[in-house]
Amino acid sequence: MSFEDKNVVIGGAGVGVATPFCTLAEIAAKALIPFGYNAKLESGGQGTNLLRHIADGRFDFGSGNTMRVGWAYQGLFDYAKDGPRKNLRIIACIEHPSWLAVAVKAETDITDLSQIKEGRLPVRVRGSSAYGPVWDIVWQHYGLSGEEILSYGGEFPGSGNANSGPTSVPERWEHTGNFDVLTFTIYCANSVEARHWLELSLNHELRFLDLPEAVIRPLSEMVCGSPGYIPHELVRGVDRDVRSVYRGPHVICCRDDMPEKFAYQLAKALDDNRHLFRQTALPFSYDSKTAGRDVGVPFHPGAQQYYREMGYR
């Protein structure tokens with residue numbers, strides 16, 4: 001497999017299932033067909049390992065959300081033990097409407113997370129543990145931490161801590177209602193990361209909470225996003241525009257040793273075949289005004305050349 005013989009390996013965590021990374025890998029593979037390339041989609045790069053495998057050469061390129069790519073590039077949080085992976089480069093930013101969401105089961109009568117501390121409420125919190133540093137900003141705003149919630153008798157079901165309960169049999173918690181507070185990214189799709197919102201909103205009465213104004217800027221910086229609103233009617237229970245943070249884009253990324261000719265062709269292929277982003281089960285779109293936007297990780301020179309020629313940056 002090499003660029004010279006037009007056979008490339010694309011990393012896509014969970015190939016064959018509806019994940020953002022798999023979907024973008026499939027789009028890239030199709031986009032390269034007119035250029036004569038044969039792309040092999042590889043899994044084996046689940047979670048944080050996908051970017052590791054791109055950086056160490058196992059995959060020729062792949063994708064990641066902007067936040068995680070930045071962490072890997074800088075050697076932060078989940079990648080702190082690895083050290084900075086300064087060989088990562090960006091090919092294109094792909095828009096993916098998603099937001100940070102906090103919701104509670106309506107029957108809890110919680111209307112503000114400050115009530116948890118005030119009442120020492122033993123809440124069951126379900127959330128994106130993979131984005132711990134993100135949600136820590138929210139908890140700290142309310143003077144809370146995981147340890148303090150546990151001290152109230154609260155739980156983090158499914159998180160793997162001592163209070164999460166048995167995990168030998170997967171729990172359909174979206175149906176059983178084993179939760180009080182939800183902290184996840186939200187977007188409307190039947191993907192493994194988002195389908196729980198569809199099931200939860202149909203099976204339970206949810207109350208979506210505005211994020212405090214004080215955390216909007218630090219959260220936006222953390223996720224490479226911007227202030228925004230979860231649009232009303234995105235799922236059942238979002239009965240108004242809910243103040244939130246609009247997540248940054250997903251990116252197609254590679255290493256700095258990718259030949260400039262191929263990086264140019266890949267950037268062009270994604271642009272020329274932007275219709276492919278609309279033919280997926282996930283809400284992706286290619287926007288020429290943002291495809292080359294600065295996200296804190298350098299763009300590959302080949303992609304930069306393409307965007308300059310097209311007047312995109």
# chains A, B, ... in the order shown; residues from 1 in each chain; ligands from 1
>>> select_by_dssp(residues="range 94-262 of chain A", states="strand (DSSP E)", output="MDAnalysis selection string")
chainID A and resid 94 99:105 125:127 181:186 206:209 226:230 242:246 250:255
>>> write_last_selection(atoms="N, CA and C atoms", output="short mmCIF file (atom, residue, chain, number, x, y, z; two decimals), in the first residue's frame")
data_model
loop_
_atom_site.label_atom_id
_atom_site.label_comp_id
_atom_site.auth_asym_id
_atom_site.auth_seq_id
_atom_site.Cartn_x
_atom_site.Cartn_y
_atom_site.Cartn_z
N ILE A 94 -14.61 19.75 8.23
CA ILE A 94 -15.94 19.34 7.76
C ILE A 94 -16.97 19.72 8.82
N TRP A 99 -23.79 19.98 19.57
CA TRP A 99 -23.75 20.91 20.68
C TRP A 99 -23.47 20.17 21.99
N LEU A 100 -23.00 20.91 22.99
CA LEU A 100 -22.88 20.36 24.34
C LEU A 100 -24.24 20.47 25.01
N ALA A 101 -24.70 19.36 25.58
CA ALA A 101 -26.06 19.35 26.14
C ALA A 101 -26.06 18.87 27.58
N VAL A 102 -26.82 19.57 28.41
CA VAL A 102 -27.11 19.14 29.77
C VAL A 102 -28.62 18.99 29.87
N ALA A 103 -29.06 17.83 30.29
CA ALA A 103 -30.49 17.59 30.45
C ALA A 103 -30.71 16.79 31.73
N VAL A 104 -31.90 16.92 32.27
CA VAL A 104 -32.25 16.16 33.49
C VAL A 104 -33.59 15.49 33.26
N LYS A 105 -33.82 14.44 34.02
CA LYS A 105 -35.14 13.81 34.00
C LYS A 105 -36.10 14.80 34.65
N VAL A 125 -25.55 10.35 37.31
CA VAL A 125 -25.08 11.17 36.18
C VAL A 125 -24.58 10.26 35.07
N ARG A 126 -25.13 10.44 33.91
CA ARG A 126 -24.64 9.77 32.70
C ARG A 126 -23.99 10.83 31.83
N GLY A 127 -22.81 10.55 31.34
CA GLY A 127 -22.16 11.56 30.52
C GLY A 127 -21.02 11.04 29.71
N VAL A 181 -29.23 12.93 35.52
CA VAL A 181 -28.57 14.04 34.82
C VAL A 181 -27.81 13.49 33.63
N LEU A 182 -27.89 14.21 32.51
CA LEU A 182 -27.20 13.81 31.29
C LEU A 182 -26.25 14.91 30.85
N THR A 183 -25.01 14.56 30.52
CA THR A 183 -24.05 15.52 29.99
C THR A 183 -23.36 14.87 28.79
N PHE A 184 -23.87 15.15 27.61
CA PHE A 184 -23.34 14.55 26.39
C PHE A 184 -23.31 15.60 25.29
N THR A 185 -22.54 15.29 24.25
CA THR A 185 -22.72 16.00 22.99
C THR A 185 -24.02 15.53 22.37
N ILE A 186 -24.74 16.45 21.73
CA ILE A 186 -26.00 16.08 21.10
C ILE A 186 -25.99 16.48 19.63
N LEU A 206 -37.74 14.87 29.41
CA LEU A 206 -36.45 15.51 29.67
C LEU A 206 -36.61 17.02 29.77
N ARG A 207 -35.77 17.60 30.61
CA ARG A 207 -35.69 19.06 30.70
C ARG A 207 -34.26 19.45 30.32
N PHE A 208 -34.11 20.23 29.25
CA PHE A 208 -32.80 20.68 28.82
C PHE A 208 -32.47 22.00 29.50
N LEU A 209 -31.24 22.09 30.04
CA LEU A 209 -30.83 23.25 30.82
C LEU A 209 -29.87 24.13 30.02
N SER A 226 -17.95 27.53 19.39
CA SER A 226 -18.41 28.90 19.51
C SER A 226 -19.73 28.93 20.26
N PRO A 227 -20.09 30.07 20.85
CA PRO A 227 -21.39 30.16 21.52
C PRO A 227 -22.52 29.83 20.55
N GLY A 228 -23.50 29.10 21.05
CA GLY A 228 -24.61 28.73 20.18
C GLY A 228 -25.81 28.27 20.96
N TYR A 229 -26.75 27.66 20.28
CA TYR A 229 -28.00 27.20 20.88
C TYR A 229 -28.36 25.83 20.31
N ILE A 230 -28.77 24.94 21.19
CA ILE A 230 -29.38 23.69 20.72
C ILE A 230 -30.72 24.10 20.11
N VAL A 242 -31.89 26.33 23.38
CA VAL A 242 -31.22 26.15 24.66
C VAL A 242 -29.77 26.63 24.55
N ARG A 243 -29.40 27.59 25.40
CA ARG A 243 -28.06 28.17 25.35
C ARG A 243 -27.00 27.08 25.53
N SER A 244 -26.03 27.06 24.61
CA SER A 244 -25.07 25.97 24.62
C SER A 244 -23.79 26.41 23.92
N VAL A 245 -22.96 25.44 23.56
CA VAL A 245 -21.76 25.66 22.78
C VAL A 245 -21.84 24.80 21.52
N TYR A 246 -21.66 25.44 20.39
CA TYR A 246 -21.63 24.74 19.11
C TYR A 246 -20.25 24.13 18.95
N HIS A 250 -15.37 18.49 12.49
CA HIS A 250 -14.49 17.34 12.37
C HIS A 250 -13.45 17.69 11.31
N VAL A 251 -12.31 17.01 11.37
CA VAL A 251 -11.26 17.30 10.39
C VAL A 251 -10.75 16.01 9.78
N ILE A 252 -10.40 16.08 8.51
CA ILE A 252 -9.63 15.03 7.85
C ILE A 252 -8.17 15.35 8.16
N CYS A 253 -7.45 14.38 8.73
CA CYS A 253 -6.08 14.68 9.15
C CYS A 253 -5.11 13.59 8.68
N CYS A 254 -3.84 13.95 8.64
CA CYS A 254 -2.80 13.07 8.13
C CYS A 254 -1.49 13.39 8.85
N ARG A 255 -0.39 12.90 8.29
CA ARG A 255 0.94 13.22 8.82
C ARG A 255 1.64 14.22 7.91
#
>>> residues_around(residues="Arg172 in chain A", least_positions_apart="3", cutoff="12 Å", atoms="only C-alpha atoms", output="number ranges by chain")
A: 157-158, 167, 169, 175-179, 196, 199-200, 203
>>> residues_around(residues="Val215 in chain A", least_positions_apart="3", cutoff="8 Å", atoms="only C-alpha atoms", output="short mmCIF file (atom, residue, chain, number, x, y, z; two decimals) with N, CA and C atoms, in the first residue's frame")
data_model
loop_
_atom_site.label_atom_id
_atom_site.label_comp_id
_atom_site.auth_asym_id
_atom_site.auth_seq_id
_atom_site.Cartn_x
_atom_site.Cartn_y
_atom_site.Cartn_z
N ILE A 137 -15.31 21.67 33.47
CA ILE A 137 -15.52 23.12 33.49
C ILE A 137 -16.91 23.44 34.02
N VAL A 138 -17.89 22.65 33.61
CA VAL A 138 -19.27 22.88 34.06
C VAL A 138 -19.41 22.55 35.54
N HIS A 141 -17.86 25.09 37.84
CA HIS A 141 -18.65 26.32 37.94
C HIS A 141 -19.64 26.25 39.10
N LEU A 211 -26.67 26.27 29.47
CA LEU A 211 -25.35 26.35 30.07
C LEU A 211 -25.16 27.77 30.63
N PRO A 212 -24.52 27.92 31.77
CA PRO A 212 -24.31 29.25 32.34
C PRO A 212 -23.47 30.12 31.41
N PRO A 218 -14.98 29.55 28.07
CA PRO A 218 -13.98 28.49 28.27
C PRO A 218 -14.34 27.18 27.60
N LEU A 219 -15.63 26.84 27.56
CA LEU A 219 -16.04 25.63 26.86
C LEU A 219 -15.80 25.75 25.36
#
>>> closest_residue(among="A:Leu144, A:Val123, A:Ala303, A:Val297", to="Trp71 in chain A", atoms="only C-alpha atoms")
A:Val297
>>> closest_atom_pairs(of="range 191-277 of chain A", to="range 17-40 of chain A", cutoff="10 Å", atoms="only C-alpha atoms", output="Markdown table")
| residue | atom | partner | partner_atom | distance |
| --- | --- | --- | --- | --- |
| A:Ser191 | CA | A:Ala18 | CA | 4.8 |
| A:Val192 | CA | A:Thr19 | CA | 6.4 |
| A:Glu193 | CA | A:Thr19 | CA | 7.1 |
| A:Ala194 | CA | A:Thr19 | CA | 9.2 |
| A:His250 | CA | A:Pro20 | CA | 8.1 |
| A:Val251 | CA | A:Leu24 | CA | 9.0 |
| A:Ile252 | CA | A:Leu24 | CA | 7.8 |
| A:Phe262 | CA | A:Phe35 | CA | 10.0 |
| A:Gln265 | CA | A:Phe35 | CA | 7.8 |
| A:Leu266 | CA | A:Leu32 | CA | 6.9 |
| A:Ala267 | CA | A:Ala28 | CA | 9.7 |
| A:Lys268 | CA | A:Ala31 | CA | 9.1 |
| A:Ala269 | CA | A:Ala31 | CA | 5.3 |
| A:Leu270 | CA | A:Ala31 | CA | 5.9 |
| A:Asp271 | CA | A:Ala31 | CA | 8.8 |
| A:Asp272 | CA | A:Ala31 | CA | 7.9 |
| A:Asn273 | CA | A:Ala31 | CA | 5.8 |
| A:Arg274 | CA | A:Ala31 | CA | 8.5 |
| A:His275 | CA | A:Ile27 | CA | 9.7 |
| A:Leu276 | CA | A:Ile27 | CA | 6.2 |
| A:Phe277 | CA | A:Ile27 | CA | 6.9 |
>>> write_last_selection(atoms="N, CA and C atoms", output="compact mmCIF listing (two decimals), in the first residue's frame")
# COMPACT_ATOMS: atom_id res chain seq x y z
N SER A 191 -26.52 7.34 15.28
CA SER A 191 -25.14 6.87 15.42
C SER A 191 -24.94 6.30 16.81
N VAL A 192 -23.85 5.56 16.98
CA VAL A 192 -23.60 4.95 18.29
C VAL A 192 -23.38 6.01 19.36
N GLU A 193 -22.92 7.21 18.95
CA GLU A 193 -22.68 8.26 19.95
C GLU A 193 -23.91 9.10 20.25
N ALA A 194 -24.91 9.06 19.39
CA ALA A 194 -26.03 10.00 19.55
C ALA A 194 -27.40 9.36 19.63
N HIS A 250 -15.37 18.49 12.49
CA HIS A 250 -14.49 17.34 12.37
C HIS A 250 -13.45 17.69 11.31
N VAL A 251 -12.31 17.01 11.37
CA VAL A 251 -11.26 17.30 10.39
C VAL A 251 -10.75 16.01 9.78
N ILE A 252 -10.40 16.08 8.51
CA ILE A 252 -9.63 15.03 7.85
C ILE A 252 -8.17 15.35 8.16
N PHE A 262 -0.49 14.32 -3.23
CA PHE A 262 -1.67 13.59 -2.77
C PHE A 262 -2.52 14.47 -1.85
N GLN A 265 -4.57 16.59 -3.98
CA GLN A 265 -5.64 15.83 -4.63
C GLN A 265 -6.75 15.46 -3.65
N LEU A 266 -6.37 15.13 -2.42
CA LEU A 266 -7.38 14.78 -1.42
C LEU A 266 -8.24 15.99 -1.08
N ALA A 267 -7.61 17.16 -0.89
CA ALA A 267 -8.39 18.37 -0.62
C ALA A 267 -9.33 18.67 -1.78
N LYS A 268 -8.83 18.50 -3.01
CA LYS A 268 -9.66 18.75 -4.19
C LYS A 268 -10.78 17.73 -4.31
N ALA A 269 -10.46 16.47 -4.02
CA ALA A 269 -11.47 15.41 -4.12
C ALA A 269 -12.63 15.65 -3.17
N LEU A 270 -12.34 16.08 -1.95
CA LEU A 270 -13.39 16.35 -0.98
C LEU A 270 -14.25 17.53 -1.43
N ASP A 271 -13.62 18.53 -2.02
CA ASP A 271 -14.35 19.70 -2.51
C ASP A 271 -15.20 19.34 -3.72
N ASP A 272 -14.57 18.68 -4.68
CA ASP A 272 -15.29 18.32 -5.92
C ASP A 272 -16.48 17.40 -5.64
N ASN A 273 -16.36 16.60 -4.61
CA ASN A 273 -17.40 15.61 -4.31
C ASN A 273 -18.14 15.95 -3.02
N ARG A 274 -18.34 17.23 -2.80
CA ARG A 274 -18.99 17.66 -1.56
C ARG A 274 -20.41 17.12 -1.43
N HIS A 275 -21.00 16.71 -2.54
CA HIS A 275 -22.34 16.13 -2.47
C HIS A 275 -22.36 14.85 -1.64
N LEU A 276 -21.21 14.18 -1.54
CA LEU A 276 -21.16 12.93 -0.77
C LEU A 276 -21.47 13.16 0.71
N PHE A 277 -21.16 14.34 1.21
CA PHE A 277 -21.43 14.63 2.62
C PHE A 277 -22.93 14.70 2.90
>>> select_by_dssp(residues="range 60-125 of chain A", states="alpha helix (DSSP H)", output="ChimeraX atom specification")
/A:66-74,114-119
>>> closest_residue(among="A:Gly248, A:Arg68, A:Thr108, A:Ile116", to="Ala80 in chain A", atoms="only C-alpha atoms")
A:Arg68
>>> residues_around(residues="Pro97 in chain A", least_positions_apart="6", cutoff="9 Å", atoms="only C-alpha atoms", output="PyMOL selection string")
chain A and resi 186-188+246-249+283-285
>>> write_last_selection(atoms="N, CA and C atoms", output="PDB file, in the first residue's frame")
ATOM      1  N   ILE A 186     -24.735  16.450  21.733  1.00  0.00           N
ATOM      2  CA  ILE A 186     -26.000  16.085  21.100  1.00  0.00           C
ATOM      3  C   ILE A 186     -25.985  16.478  19.631  1.00  0.00           C
ATOM      4  N   TYR A 187     -26.424  15.566  18.800  1.00  0.00           N
ATOM      5  CA  TYR A 187     -26.773  15.855  17.415  1.00  0.00           C
ATOM      6  C   TYR A 187     -27.812  14.818  17.014  1.00  0.00           C
ATOM      7  N   CYS A 188     -28.541  15.095  15.970  1.00  0.00           N
ATOM      8  CA  CYS A 188     -29.668  14.231  15.626  1.00  0.00           C
ATOM      9  C   CYS A 188     -29.256  13.215  14.569  1.00  0.00           C
ATOM     10  N   TYR A 246     -21.661  25.440  20.385  1.00  0.00           N
ATOM     11  CA  TYR A 246     -21.633  24.735  19.108  1.00  0.00           C
ATOM     12  C   TYR A 246     -20.253  24.126  18.949  1.00  0.00           C
ATOM     13  N   ARG A 247     -20.209  22.801  18.769  1.00  0.00           N
ATOM     14  CA  ARG A 247     -18.932  22.104  18.680  1.00  0.00           C
ATOM     15  C   ARG A 247     -18.164  22.497  17.424  1.00  0.00           C
ATOM     16  N   GLY A 248     -16.849  22.415  17.516  1.00  0.00           N
ATOM     17  CA  GLY A 248     -16.011  22.657  16.349  1.00  0.00           C
ATOM     18  C   GLY A 248     -16.190  21.559  15.317  1.00  0.00           C
ATOM     19  N   PRO A 249     -15.641  21.751  14.129  1.00  0.00           N
ATOM     20  CA  PRO A 249     -15.844  20.779  13.050  1.00  0.00           C
ATOM     21  C   PRO A 249     -15.049  19.497  13.279  1.00  0.00           C
ATOM     22  N   PRO A 283     -25.237  14.364   9.999  1.00  0.00           N
ATOM     23  CA  PRO A 283     -25.369  15.725   9.465  1.00  0.00           C
ATOM     24  C   PRO A 283     -24.014  16.377   9.163  1.00  0.00           C
ATOM     25  N   PHE A 284     -23.395  15.978   8.043  1.00  0.00           N
ATOM     26  CA  PHE A 284     -22.139  16.566   7.607  1.00  0.00           C
ATOM     27  C   PHE A 284     -22.385  17.522   6.450  1.00  0.00           C
ATOM     28  N   SER A 285     -21.489  18.492   6.306  1.00  0.00           N
ATOM     29  CA  SER A 285     -21.535  19.354   5.134  1.00  0.00           C
ATOM     30  C   SER A 285     -20.149  19.936   4.893  1.00  0.00           C
TER      31      SER A 285
END
>>> closest_residue(among="A:Asp60, A:Ile91, A:Leu282, A:Val134", to="Tyr307 in chain A", atoms="only C-alpha atoms")
A:Ile91
